[in-house]
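J.: Structure file model09.tsv, TSV, C-alpha atoms, is pasted below:
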chain	number	residue	atom	x	y	z
K	1	MET	CA	-1.38	-21.85	31.14
K	2	ALA	CA	2.09	-21.32	32.61
K	3	PRO	CA	3.09	-17.71	33.42
K	4	LEU	CA	5.31	-16.00	30.87
K	5	SER	CA	8.92	-15.52	31.98
K	6	LYS	CA	9.34	-12.40	29.84
K	7	PRO	CA	6.83	-9.98	28.35
K	8	HIS	CA	5.55	-11.38	25.06
K	9	VAL	CA	4.78	-8.89	22.28
K	10	LEU	CA	2.66	-10.27	19.44
K	11	ILE	CA	2.83	-8.30	16.19
K	12	LEU	CA	0.17	-9.12	13.62
K	13	GLY	CA	1.33	-8.21	10.11
K	14	GLY	CA	4.76	-7.78	8.56
K	15	GLY	CA	4.26	-4.66	6.45
K	16	TYR	CA	5.87	-1.27	7.13
K	17	ALA	CA	4.27	-0.81	10.53
K	18	GLY	CA	4.88	-4.37	11.76
K	19	HIS	CA	8.42	-4.52	10.42
K	20	TYR	CA	9.48	-1.21	11.98
K	21	THR	CA	7.72	-1.95	15.27
K	22	ALA	CA	9.70	-5.18	15.59
K	23	GLY	CA	12.91	-3.36	14.73
K	24	GLY	CA	12.21	-0.67	17.30
K	25	LEU	CA	11.53	-3.22	20.02
K	26	GLU	CA	14.71	-5.13	19.19
K	27	LYS	CA	16.77	-1.99	19.83
K	28	ARG	CA	15.47	-2.03	23.40
K	29	LEU	CA	16.16	-5.70	24.17
K	30	GLY	CA	19.35	-4.82	26.07
K	31	GLN	CA	17.44	-2.77	28.63
K	32	LEU	CA	14.11	-4.59	28.39
K	33	PRO	CA	14.22	-8.34	27.68
K	34	MET	CA	11.09	-9.54	25.87
K	35	ASP	CA	9.87	-12.14	23.42
K	36	ILE	CA	8.74	-10.75	20.08
K	37	THR	CA	6.58	-12.73	17.65
K	38	LEU	CA	5.76	-11.40	14.20
K	39	VAL	CA	2.90	-13.14	12.37
K	40	GLU	CA	3.00	-12.85	8.58
K	41	PRO	CA	2.06	-15.34	5.83
K	42	ASN	CA	4.70	-13.98	3.43
K	43	SER	CA	8.42	-14.40	3.96
K	44	TYR	CA	9.04	-10.78	3.01
K	45	MET	CA	7.88	-7.20	3.42
K	46	THR	CA	6.99	-5.36	0.20
K	47	TYR	CA	7.87	-1.69	-0.26
K	48	GLN	CA	4.67	-0.88	-2.14
K	49	PRO	CA	5.25	2.75	-3.27
K	50	LEU	CA	7.67	1.55	-5.96
K	51	LEU	CA	5.43	-1.15	-7.46
K	52	PRO	CA	4.70	1.07	-10.52
K	53	GLU	CA	8.42	1.11	-11.35
K	54	VAL	CA	8.43	-2.69	-11.12
K	55	ALA	CA	5.51	-2.92	-13.54
K	56	GLY	CA	7.22	-0.53	-15.93
K	57	GLY	CA	10.50	-2.42	-15.81
K	58	GLN	CA	12.44	0.39	-14.10
K	59	LEU	CA	13.20	-1.69	-10.99
K	60	ASP	CA	13.79	-5.37	-10.30
K	61	PRO	CA	10.95	-6.66	-8.06
K	62	ARG	CA	13.50	-8.15	-5.65
K	63	THR	CA	14.58	-4.59	-4.81
K	64	LEU	CA	11.26	-4.03	-3.04
K	65	LEU	CA	11.29	-7.23	-1.00
K	66	VAL	CA	12.85	-7.36	2.47
K	67	GLU	CA	13.27	-10.84	3.92
K	68	LEU	CA	11.64	-10.84	7.36
K	69	ARG	CA	14.01	-13.45	8.80
K	70	ARG	CA	17.01	-11.23	8.06
K	71	ALA	CA	15.69	-7.94	9.39
K	72	PRO	CA	14.69	-7.75	12.19
K	73	LYS	CA	17.08	-10.42	13.50
K	74	HIS	CA	15.86	-11.19	17.02
K	75	THR	CA	12.17	-11.63	16.31
K	76	ASN	CA	10.38	-14.96	16.01
K	77	VAL	CA	8.76	-14.77	12.56
K	78	PHE	CA	5.70	-17.02	12.46
K	79	ARG	CA	4.85	-17.83	8.85
K	80	GLY	CA	1.10	-18.01	8.94
K	81	THR	CA	-2.07	-16.15	9.86
K	82	MET	CA	-4.08	-15.21	12.91
K	83	GLU	CA	-7.30	-17.26	13.09
K	84	SER	CA	-8.78	-15.68	16.19
K	85	LEU	CA	-7.84	-13.30	18.97
K	86	ASP	CA	-9.42	-12.27	22.25
K	87	CYS	CA	-8.25	-8.85	23.46
K	88	ARG	CA	-9.70	-9.40	26.93
K	89	ALA	CA	-8.15	-12.82	27.53
K	90	ARG	CA	-4.95	-11.80	25.69
K	91	THR	CA	-4.85	-15.05	23.75
K	92	ALA	CA	-4.67	-15.82	20.04
K	93	THR	CA	-4.90	-18.82	17.75
K	94	LEU	CA	-2.38	-18.88	14.91
K	95	ALA	CA	-2.32	-21.14	11.84
K	96	SER	CA	1.00	-21.81	10.14
K	97	ILE	CA	1.37	-22.03	6.36
K	98	SER	CA	1.42	-25.83	6.83
K	99	GLY	CA	-2.00	-25.69	8.53
K	100	GLN	CA	-0.85	-26.42	12.09
K	101	ARG	CA	-2.62	-24.42	14.79
K	102	GLN	CA	-0.98	-22.86	17.80
K	103	HIS	CA	-2.69	-21.25	20.80
K	104	ILE	CA	-0.58	-18.57	22.45
K	105	ALA	CA	-0.80	-15.98	25.20
K	106	TYR	CA	0.65	-12.50	24.95
K	107	ASP	CA	1.18	-9.39	27.06
K	108	GLN	CA	0.99	-6.82	24.29
K	109	VAL	CA	-0.54	-7.17	20.84
K	110	VAL	CA	0.10	-4.91	17.85
K	111	PHE	CA	-2.44	-4.74	15.01
K	112	THR	CA	-0.48	-3.89	11.86
K	113	LEU	CA	-2.38	-6.07	9.40
K	114	GLY	CA	-2.47	-3.40	6.70
K	115	ALA	CA	-5.10	-3.11	4.00
K	116	VAL	CA	-6.35	-5.07	1.02
K	117	THR	CA	-7.79	-3.93	-2.31
K	118	ARG	CA	-11.32	-2.60	-1.95
K	119	THR	CA	-13.68	-4.04	-4.52
K	120	PHE	CA	-17.33	-3.53	-5.41
K	121	PRO	CA	-19.93	-6.03	-6.67
K	122	ALA	CA	-19.48	-4.98	-10.29
K	123	PRO	CA	-20.23	-7.87	-12.67
K	124	GLY	CA	-17.03	-9.21	-14.24
K	125	LEU	CA	-14.68	-7.36	-11.87
K	126	VAL	CA	-13.24	-10.41	-10.13
K	127	GLU	CA	-12.82	-12.35	-13.38
K	128	GLN	CA	-11.43	-9.60	-15.61
K	129	ALA	CA	-9.61	-6.97	-13.55
K	130	VAL	CA	-6.21	-7.11	-11.89
K	131	GLY	CA	-5.36	-5.30	-8.64
K	132	PHE	CA	-2.13	-3.43	-8.02
K	133	LYS	CA	-1.05	-4.03	-4.43
K	134	THR	CA	1.52	-6.84	-4.63
K	135	PRO	CA	4.61	-7.60	-6.74
K	136	GLU	CA	2.71	-10.52	-8.27
K	137	GLU	CA	-0.10	-8.21	-9.39
K	138	ALA	CA	2.32	-5.61	-10.75
K	139	LEU	CA	4.11	-8.26	-12.83
K	140	ASN	CA	0.76	-9.72	-13.92
K	141	VAL	CA	-0.34	-6.34	-15.30
K	142	ARG	CA	3.01	-5.91	-17.05
K	143	ASP	CA	2.67	-9.33	-18.69
K	144	ARG	CA	-0.90	-8.60	-19.77
K	145	VAL	CA	0.10	-5.36	-21.45
K	146	LEU	CA	2.98	-7.03	-23.32
K	147	ASP	CA	0.91	-10.09	-24.26
K	148	ASN	CA	-1.89	-7.91	-25.58
K	149	VAL	CA	0.50	-5.92	-27.75
K	150	ALA	CA	1.73	-9.21	-29.24
K	151	LEU	CA	-1.88	-10.37	-29.68
K	152	ALA	CA	-2.76	-7.14	-31.49
K	153	ALA	CA	0.16	-7.60	-33.89
K	154	ALA	CA	-1.10	-11.09	-34.78
K	155	ALA	CA	-4.83	-10.27	-34.93
K	156	ALA	CA	-6.57	-10.15	-38.28
K	157	ASP	CA	-9.83	-8.79	-36.84
K	158	PRO	CA	-9.68	-4.97	-36.40
K	159	ALA	CA	-12.02	-5.13	-33.39
K	160	GLU	CA	-9.85	-7.75	-31.67
K	161	ARG	CA	-6.76	-5.68	-32.42
K	162	ALA	CA	-8.33	-2.50	-30.99
K	163	LYS	CA	-9.47	-4.31	-27.83
K	164	ALA	CA	-6.01	-5.77	-27.23
K	165	LEU	CA	-4.45	-2.31	-27.47
K	166	THR	CA	-6.95	-0.79	-25.01
K	167	CYS	CA	-6.11	-0.57	-21.31
K	168	VAL	CA	-8.54	0.75	-18.69
K	169	PHE	CA	-7.43	1.87	-15.23
K	170	VAL	CA	-10.17	2.29	-12.63
K	171	GLY	CA	-9.03	4.67	-9.88
K	172	GLY	CA	-7.09	7.89	-10.38
K	173	GLY	CA	-5.32	8.25	-7.04
K	174	TYR	CA	-1.56	7.91	-6.48
K	175	THR	CA	-1.40	4.27	-7.41
K	176	GLY	CA	-3.53	4.46	-10.52
K	177	VAL	CA	-1.79	7.47	-12.07
K	178	GLU	CA	1.72	6.25	-11.27
K	179	ALA	CA	1.09	2.71	-12.52
K	180	LEU	CA	-0.65	3.91	-15.69
K	181	SER	CA	2.20	6.30	-16.48
K	182	GLU	CA	4.88	3.64	-16.14
K	183	LEU	CA	2.94	1.03	-18.12
K	184	LEU	CA	2.05	3.47	-20.90
K	185	ASP	CA	5.77	4.02	-21.50
K	186	LEU	CA	6.23	0.24	-21.55
K	187	ALA	CA	3.38	-0.23	-24.04
K	188	LYS	CA	4.77	2.39	-26.41
K	189	LEU	CA	8.18	0.72	-26.45
K	190	ALA	CA	6.53	-2.67	-26.99
K	191	VAL	CA	4.52	-1.36	-29.95
K	192	ASP	CA	7.72	-0.05	-31.53
K	193	GLU	CA	8.94	-3.65	-31.81
K	194	TYR	CA	6.16	-4.51	-34.29
K	195	PRO	CA	6.29	-2.87	-37.75
K	196	ASP	CA	2.55	-3.33	-38.27
K	197	LEU	CA	1.59	-1.43	-35.10
K	198	GLN	CA	1.57	2.30	-34.42
K	199	ARG	CA	1.66	4.12	-31.08
K	200	SER	CA	-1.43	6.04	-32.16
K	201	GLU	CA	-3.41	2.77	-31.99
K	202	LEU	CA	-2.91	2.53	-28.22
K	203	ARG	CA	-5.94	3.57	-26.20
K	204	TRP	CA	-5.44	4.13	-22.50
K	205	VAL	CA	-8.40	5.19	-20.36
K	206	LEU	CA	-8.41	6.35	-16.73
K	207	ILE	CA	-11.73	6.19	-14.86
K	208	GLU	CA	-12.06	8.32	-11.71
K	209	ALA	CA	-15.17	8.87	-9.57
K	210	LEU	CA	-13.92	12.22	-8.25
K	211	ASP	CA	-13.48	15.46	-10.19
K	212	ARG	CA	-9.68	15.28	-10.08
K	213	VAL	CA	-6.74	12.88	-10.29
K	214	ALA	CA	-3.85	12.40	-7.83
K	215	PRO	CA	-5.54	14.49	-5.12
K	216	GLU	CA	-2.71	13.63	-2.71
K	217	VAL	CA	-0.40	16.23	-4.31
K	218	GLY	CA	-2.83	19.11	-3.85
K	219	PRO	CA	-5.16	21.05	-6.18
K	220	GLY	CA	-2.49	22.81	-8.27
K	221	LEU	CA	-0.40	19.73	-9.04
K	222	SER	CA	-3.53	17.62	-9.45
K	223	LYS	CA	-4.63	19.91	-12.28
K	224	TRP	CA	-1.12	19.81	-13.77
K	225	THR	CA	-1.13	16.00	-13.57
K	226	LEU	CA	-4.48	15.85	-15.41
K	227	GLU	CA	-3.06	18.03	-18.19
K	228	LEU	CA	0.09	15.87	-18.33
K	229	LEU	CA	-1.94	12.68	-18.73
K	230	ARG	CA	-4.19	14.11	-21.41
K	231	GLY	CA	-1.19	15.57	-23.18
K	232	ARG	CA	0.26	12.05	-23.38
K	233	GLY	CA	-2.91	10.77	-25.00
K	234	VAL	CA	-4.64	9.28	-21.94
K	235	ASP	CA	-8.43	9.45	-22.08
K	236	VAL	CA	-9.27	10.63	-18.54
K	237	ARG	CA	-12.92	10.31	-17.47
K	238	LEU	CA	-13.68	12.24	-14.28
K	239	ASN	CA	-16.90	11.94	-12.24
K	240	THR	CA	-17.30	8.50	-13.80
K	241	THR	CA	-17.50	4.96	-12.42
K	242	MET	CA	-17.35	1.47	-13.86
K	243	GLU	CA	-20.63	-0.44	-13.73
K	244	SER	CA	-19.39	-3.80	-15.09
K	245	CYS	CA	-16.65	-5.38	-17.20
K	246	ILE	CA	-18.00	-8.76	-18.32
K	247	ASP	CA	-15.75	-10.34	-20.97
K	248	GLY	CA	-13.56	-7.23	-20.89
K	249	ASN	CA	-16.37	-4.91	-22.00
K	250	VAL	CA	-16.09	-1.98	-19.58
K	251	VAL	CA	-19.50	-0.35	-19.08
K	252	LEU	CA	-19.27	3.17	-17.64
K	253	SER	CA	-21.80	5.11	-15.58
K	254	THR	CA	-22.21	7.34	-18.64
K	255	GLY	CA	-23.60	4.37	-20.57
K	256	GLU	CA	-20.56	3.99	-22.83
K	257	THR	CA	-18.94	0.59	-23.34
K	258	ILE	CA	-15.18	0.26	-23.88
K	259	PRO	CA	-13.81	-3.16	-24.94
K	260	ALA	CA	-10.46	-3.56	-23.14
K	261	GLY	CA	-7.76	-6.22	-23.20
K	262	THR	CA	-6.33	-5.02	-19.87
K	263	ILE	CA	-8.34	-3.77	-16.88
K	264	VAL	CA	-6.52	-2.58	-13.75
K	265	TRP	CA	-8.40	-1.90	-10.51
K	266	THR	CA	-6.79	0.75	-8.27
K	267	ALA	CA	-9.94	2.20	-6.69
K	268	GLY	CA	-8.92	2.22	-3.05
K	269	VAL	CA	-8.24	-0.14	-0.15
K	270	ARG	CA	-9.95	-1.35	3.02
K	271	PRO	CA	-8.63	-2.73	6.34
K	272	ASN	CA	-7.54	-6.36	6.28
K	273	PRO	CA	-10.63	-8.58	6.76
K	274	VAL	CA	-8.59	-10.82	9.10
K	275	LEU	CA	-9.63	-8.30	11.76
K	276	ASP	CA	-13.11	-9.82	11.62
K	277	ALA	CA	-11.73	-12.80	13.56
K	278	THR	CA	-11.00	-10.61	16.60
K	279	ASN	CA	-12.99	-8.66	19.17
K	280	VAL	CA	-10.83	-5.56	18.76
K	281	ALA	CA	-12.66	-2.21	18.74
K	282	ARG	CA	-13.16	-0.82	15.22
K	283	GLY	CA	-14.33	2.38	13.60
K	284	PRO	CA	-17.13	2.92	11.07
K	285	LYS	CA	-14.96	1.90	8.09
K	286	GLY	CA	-13.49	-1.18	9.78
K	287	HIS	CA	-10.22	0.34	11.01
K	288	VAL	CA	-8.90	-0.46	14.48
K	289	SER	CA	-9.85	2.44	16.76
K	290	ALA	CA	-6.89	4.16	18.42
K	291	ASN	CA	-6.06	7.19	20.50
K	292	ALA	CA	-3.15	9.52	19.80
K	293	ARG	CA	-0.82	7.24	21.78
K	294	LEU	CA	-1.60	4.41	19.31
K	295	GLN	CA	-3.43	2.45	22.00
K	296	VAL	CA	-6.57	0.60	20.93
K	297	VAL	CA	-9.63	2.26	22.45
K	298	GLU	CA	-13.29	1.33	22.83
K	299	GLU	CA	-16.04	3.49	21.33
K	300	ASP	CA	-16.20	5.57	24.53
K	301	GLY	CA	-12.43	6.17	24.50
K	302	THR	CA	-11.56	3.57	27.14
K	303	VAL	CA	-8.07	2.17	26.56
K	304	VAL	CA	-7.87	-1.56	25.82
K	305	ASP	CA	-4.91	-2.64	27.95
K	306	GLY	CA	-2.16	-4.40	26.05
K	307	ALA	CA	-3.48	-3.56	22.55
K	308	TRP	CA	-1.87	-1.21	20.01
K	309	THR	CA	-2.25	-0.37	16.35
K	310	ALA	CA	-0.60	1.57	13.51
K	311	GLY	CA	-0.48	1.79	9.74
K	312	ASP	CA	-3.18	1.17	7.14
K	313	ASN	CA	-5.50	-0.80	9.42
K	314	ALA	CA	-5.52	1.91	12.11
K	315	GLN	CA	-7.76	4.92	12.70
K	316	VAL	CA	-5.33	7.30	14.42
K	317	PRO	CA	-6.50	10.85	15.33
K	318	ASP	CA	-4.50	13.72	13.83
K	319	LEU	CA	-4.26	16.24	16.65
K	320	THR	CA	-2.25	18.64	14.48
K	321	ALA	CA	-5.12	19.28	12.04
K	322	GLU	CA	-6.93	22.61	12.22
K	323	GLN	CA	-10.35	21.02	11.84
K	324	GLN	CA	-11.31	18.22	14.22
K	325	PRO	CA	-11.98	15.34	14.21
K	326	ALA	CA	-9.25	14.40	11.76
K	327	TRP	CA	-7.41	11.16	11.02
K	328	TYR	CA	-3.98	10.41	9.61
K	329	PRO	CA	-4.00	9.12	6.01
K	330	PRO	CA	-2.91	5.52	5.43
K	331	ASN	CA	0.50	5.99	3.83
K	332	ALA	CA	4.05	4.77	4.33
K	333	GLN	CA	5.17	8.08	5.80
K	334	ASN	CA	2.79	7.69	8.74
K	335	ALA	CA	3.15	3.91	9.07
K	336	VAL	CA	6.92	4.08	9.60
K	337	ARG	CA	6.76	6.99	12.05
K	338	GLN	CA	3.87	5.49	13.98
K	339	ALA	CA	5.72	2.18	14.25
K	340	LYS	CA	8.81	3.80	15.74
K	341	LEU	CA	6.72	5.61	18.37
K	342	LEU	CA	4.66	2.48	18.98
K	343	ALA	CA	7.79	0.51	19.88
K	344	ALA	CA	8.85	3.26	22.28
K	345	ASN	CA	5.37	3.38	23.83
K	346	ILE	CA	5.21	-0.39	24.38
K	347	ALA	CA	8.58	-0.21	26.12
K	348	ALA	CA	7.35	2.72	28.21
K	349	VAL	CA	4.25	0.85	29.40
K	350	LEU	CA	6.27	-2.26	30.23
K	351	GLN	CA	8.57	-0.04	32.30
K	352	HIS	CA	5.57	1.66	33.96
K	353	ARG	CA	6.05	4.98	32.15
K	354	GLU	CA	3.54	7.10	30.26
K	355	PRO	CA	3.33	6.57	26.47
K	356	ALA	CA	3.70	9.59	24.15
K	357	GLU	CA	1.26	10.97	21.58
K	358	TYR	CA	1.79	10.67	17.86
K	359	ARG	CA	1.95	14.12	16.31
K	360	HIS	CA	3.31	14.50	12.81
K	361	LYS	CA	2.95	17.33	10.33
K	362	THR	CA	3.22	15.83	6.88
K	363	LEU	CA	6.46	16.61	5.07
K	364	GLY	CA	4.64	16.55	1.76
K	365	ALA	CA	3.92	14.09	-1.02
K	366	VAL	CA	5.88	12.73	-3.98
K	367	ALA	CA	4.67	10.97	-7.13
K	368	SER	CA	6.41	9.57	-10.20
K	369	PHE	CA	4.72	9.55	-13.60
K	370	GLY	CA	7.45	7.72	-15.48
K	371	PRO	CA	11.17	8.46	-15.92
K	372	GLY	CA	11.83	12.19	-15.72
K	373	ARG	CA	8.21	13.07	-14.90
K	374	GLY	CA	6.77	13.62	-11.45
K	375	ALA	CA	4.96	15.87	-8.99
K	376	ALA	CA	5.92	16.68	-5.42
K	377	VAL	CA	4.99	18.96	-2.56
K	378	ILE	CA	7.84	19.37	-0.08
K	379	MET	CA	7.15	21.55	2.97
K	380	GLY	CA	4.57	23.46	0.97
K	381	VAL	CA	6.81	23.94	-2.09
K	382	GLU	CA	5.45	22.48	-5.35
K	383	LEU	CA	7.80	20.70	-7.73
K	384	ARG	CA	7.02	19.16	-11.11
K	385	GLY	CA	8.78	17.40	-13.96
K	386	ARG	CA	12.31	16.04	-13.74
K	387	LEU	CA	13.17	17.63	-10.38
K	388	ALA	CA	10.06	16.15	-8.75
K	389	TRP	CA	10.88	12.73	-10.21
K	390	PHE	CA	14.41	12.96	-8.79
K	391	VAL	CA	13.09	13.93	-5.34
K	392	HIS	CA	10.64	11.00	-5.51
K	393	ARG	CA	13.43	8.54	-6.23
K	394	ILE	CA	15.74	9.99	-3.53
K	395	TYR	CA	12.96	9.92	-0.93
K	396	HIS	CA	12.02	6.30	-1.53
K	397	GLY	CA	15.64	5.27	-1.81
K	398	ALA	CA	16.21	6.72	1.64
K	399	ALA	CA	13.06	5.11	3.06
K	400	LEU	CA	13.79	1.58	1.83
K	401	PRO	CA	15.28	-0.76	4.46
K	402	THR	CA	18.86	-2.08	3.97
K	403	MET	CA	21.71	-0.32	2.21
K	404	ASN	CA	21.90	-2.54	-0.88
K	405	ARG	CA	18.27	-1.76	-1.75
K	406	LYS	CA	18.78	1.94	-1.17
K	407	TRP	CA	21.73	1.86	-3.58
K	408	ARG	CA	19.77	0.00	-6.28
K	409	VAL	CA	16.95	2.55	-6.17
Please re-express this file's structure in structure tokens.
T.:
Amino acid sequence: MAPLSKPHVLILGGGYAGHYTAGGLEKRLGQLPMDITLVEPNSYMTYQPLLPEVAGGQLDPRTLLVELRRAPKHTNVFRGTMESLDCRARTATLASISGQRQHIAYDQVVFTLGAVTRTFPAPGLVEQAVGFKTPEEALNVRDRVLDNVALAAAAADPAERAKALTCVFVGGGYTGVEALSELLDLAKLAVDEYPDLQRSELRWVLIEALDRVAPEVGPGLSKWTLELLRGRGVDVRLNTTMESCIDGNVVLSTGETIPAGTIVWTAGVRPNPVLDATNVARGPKGHVSANARLQVVEEDGTVVDGAWTAGDNAQVPDLTAEQQPAWYPPNAQNAVRQAKLLAANIAAVLQHREPAEYRHKTLGAVASFGPGRGAAVIMGVELRGRLAWFVHRIYHGAALPTMNRKWRV
């Protein structure tokens, strides 16, 4: 294999972390020439925190999509997937969306493959439930809710009508509560279009294995969120799991069965299984093991030269936490900040300088529960209601790449 004329940085995954790592490296091309390859099967990056607003019809889905070939501009975007990778040999095999394979060498590799929906072997789950991690899934759930309202209006059988108007969300974290809130508003407006239907006929159920909902916003706002949901008529079942959902019949761990026309699965994520095709060091839950400098490390802490990671597929130690060991949560706030430091650290290593540690004290958390309703913790200050919703929208508007998308949000 011929020697590389310039350092080659291979970035696996075009989500937040991959996108911002590429952008950060591009800013250094004037002082440090390098070849940058970004591997991603999609042509766009999705800004996932606003998917609930897409499902509820508050935002156009195109607002959340950033074309990878437009930003960053000096990166070779390879539309395809990684089939195999050897960290020791620093080689990888890529497969394009047309099926053609390409064997490449690299100097530095970045694992930013993100996460996928975590599922369990519950009978009927794959056939009946819809995830909520992509624009396609968000629009699918929206269509199901609207179609089921129309089906209920046309149904002569009371049982069929009741099932069509029942929606079950499994998972009461950020995603589940935000998506449910937006779609419940949508369902109520849809019901109003049919004279024979009443809002009181809607049955929305939230299933959560923990003893609280939206734990990300802290105990006080989590309790407030639970009261808000129940006040809006949502049947929240805590300390409960779903055992099966064959033919739309949701069987709970309590033994109860709920016939549902729409089932949405938002019960967590796991690292991208594409990582199984590599020999990269991984933690107990499948995340890529990293040190505080975002370098991939072996189980004994030995640095794997030329390998980096960030974002949802990374296990990054949180050195700012009072209790150790601690790890940074997989959210956009950390992914973007890690990516910016990661780009600086790659440049530092290529210029024979020491990389820096990632240390970030969370600024807080924001959540939207439909127009004018939200919860937020900003620098320890709790906000709720309309003000929290406004802060949520401003925060994500600022975080979105490109000015036209910021303005739309």
J.: For each of K:Thr262, K:Gln58, K:Thr225, K:Ser96, take the minimum atom-to-atom distance to K:Gly173, counting only C-alpha atoms, then give the residue where this is smallest.
T.: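 The closest residue to K:Gly173 is K:Thr225.
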J.: Within 7 Å of (18.0, -6.7, -3.9) in the file's own coordinates, which protein, DNA or RNA residues have an atom, counting all atoms listed in the file? List them as a PyMOL selection string.
T.: chain K and resi 62-63+404-405
J.: Closest to K:Arg69 among K:Glu40, K:Asp86, K:Glu256, K:Asp276, using only C-alpha atoms?
T.: K:Glu40
J.: Pick out the residues sitting within 12 Å of K:Glu127, and hand them over as a VMD selection string; count all atoms listed in the file, and ignore anything fewer than 4 positions along from it in its own chain.
T.: chain K and resid 121 to 123 131 244 to 249 262 to 265
J.: Tell me which protein, DNA and RNA residues are within 12 Å of K:Leu146, counting all atoms listed in the file, leaving out same-chain ones fewer than 3 positions away, and put them as a ChimeraX atom specification.
T.: /K:55-57,139-143,149-153,164-167,183-194,261-262
J.: Which residues are close to K:Lys163, i.e. within 7 Å by all atoms listed in the file, leaving aside same-chain residues fewer than 4 positions away? Reply as a list in words.
T.: Ala159, Pro259, Ala260 and Gly261 of chain K
J.: Of the residues K:Met403, K:Leu197, K:Pro273, K:Val250, which is the one nearest to K:Ala155, using only C-alpha atoms?
T.: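 Distance minimum relative to K:Ala155 lands on K:Leu197.
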J.: Between K:Leu38, K:Val381, K:Val409, K:Ala307, which residue has the minimum interatomic distance to K:Val54, considering all atoms listed in the file?
T.: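 Smallest distance to K:Val54 is found for K:Val409.
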J.: Which one of K:Thr266, K:Gln323, K:Gln100, K:Asn148 sits closest to K:Val116 if you count only C-alpha atoms?
T.: K:Thr266
J.: Figure out the distance between atom CA of K:Thr46 and atom CA of K:Val66, please, to one decimal in Å.
T.: 6.6 Å
J.: If we count all atoms listed in the file and set the cut-off at 12 Å, which residues sit around K:Tyr328, ignoring sequence neighbours fewer than 3 positions away in its own chain? Please answer as an MDAnalysis selection string.
T.: chainID K and resid 287 290:292 294 310:321 324:325 331:335 337:338 358:362
J.: Pick from K:Leu228, K:Leu238, K:Leu387, K:Ala129: nearest to K:Gly172, with all atoms listed in the file counted?
T.: K:Leu238
J.: Report, in Å to a single decimal, how far apart atom CA of K:Arg118 and atom CA of K:Arg232 are.
T.: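 Value for the atom CA of K:Arg232-atom CA of K:Arg118 distance: 28.4 Å.
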J.: Would you pick out the contacts of K:Ala95 at 12 Å or less, using all atoms listed in the file, so that residues sharing its chain but fewer than 3 positions from it are not included, and give the list as a VMD selection string?
T.: chain K and resid 39 to 41 78 to 85 92 98 to 104
J.: Quick one: contact table of stretch 181-295 of chain K to stretch 365-371 of chain K, 7 Å max, nearest atom pair and distance in Å to one decimal per residue, counting only C-alpha atoms, chain and number order, as a tab-separated table?
T.:
residue	atom	partner	partner_atom	distance
K:Ser181	CA	K:Phe369	CA	5.0
K:Glu182	CA	K:Gly370	CA	4.9
K:Glu216	CA	K:Ala365	CA	6.9
K:Val217	CA	K:Ala365	CA	5.8
J.: To one decimal place, how far is atom CA of K:Phe120 from atom CA of K:Pro49 in Å?
T.: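 Separating atom CA of K:Phe120 from atom CA of K:Pro49 is a distance of 23.5 Å.
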J.: Could you pull stretch 21-28 of chain K out of the block above and give me N, CA, C and O atoms, as a compact mmCIF listing (two decimals), in the first residue's frame?
T.:
# COMPACT_ATOMS: atom_id res chain seq x y z
N THR K 21 -17.06 17.16 14.33
CA THR K 21 -15.64 16.82 14.26
C THR K 21 -15.08 17.20 12.89
O THR K 21 -14.00 17.80 12.79
N ALA K 22 -15.81 16.85 11.84
CA ALA K 22 -15.37 17.21 10.49
C ALA K 22 -15.26 18.72 10.34
O ALA K 22 -14.29 19.24 9.77
N GLY K 23 -16.26 19.44 10.84
CA GLY K 23 -16.22 20.90 10.76
C GLY K 23 -15.04 21.48 11.50
O GLY K 23 -14.39 22.43 11.03
N GLY K 24 -14.74 20.93 12.68
CA GLY K 24 -13.61 21.42 13.45
C GLY K 24 -12.28 21.16 12.78
O GLY K 24 -11.36 21.99 12.83
N LEU K 25 -12.16 20.01 12.13
CA LEU K 25 -10.92 19.70 11.40
C LEU K 25 -10.76 20.60 10.19
O LEU K 25 -9.64 21.04 9.86
N GLU K 26 -11.87 20.88 9.51
CA GLU K 26 -11.79 21.75 8.32
C GLU K 26 -11.25 23.14 8.67
O GLU K 26 -10.54 23.75 7.87
N LYS K 27 -11.59 23.63 9.85
CA LYS K 27 -11.11 24.96 10.26
C LYS K 27 -9.60 25.00 10.42
O LYS K 27 -9.01 26.08 10.43
N ARG K 28 -8.99 23.82 10.52
CA ARG K 28 -7.54 23.76 10.74
C ARG K 28 -6.77 23.36 9.47
O ARG K 28 -5.57 23.16 9.53
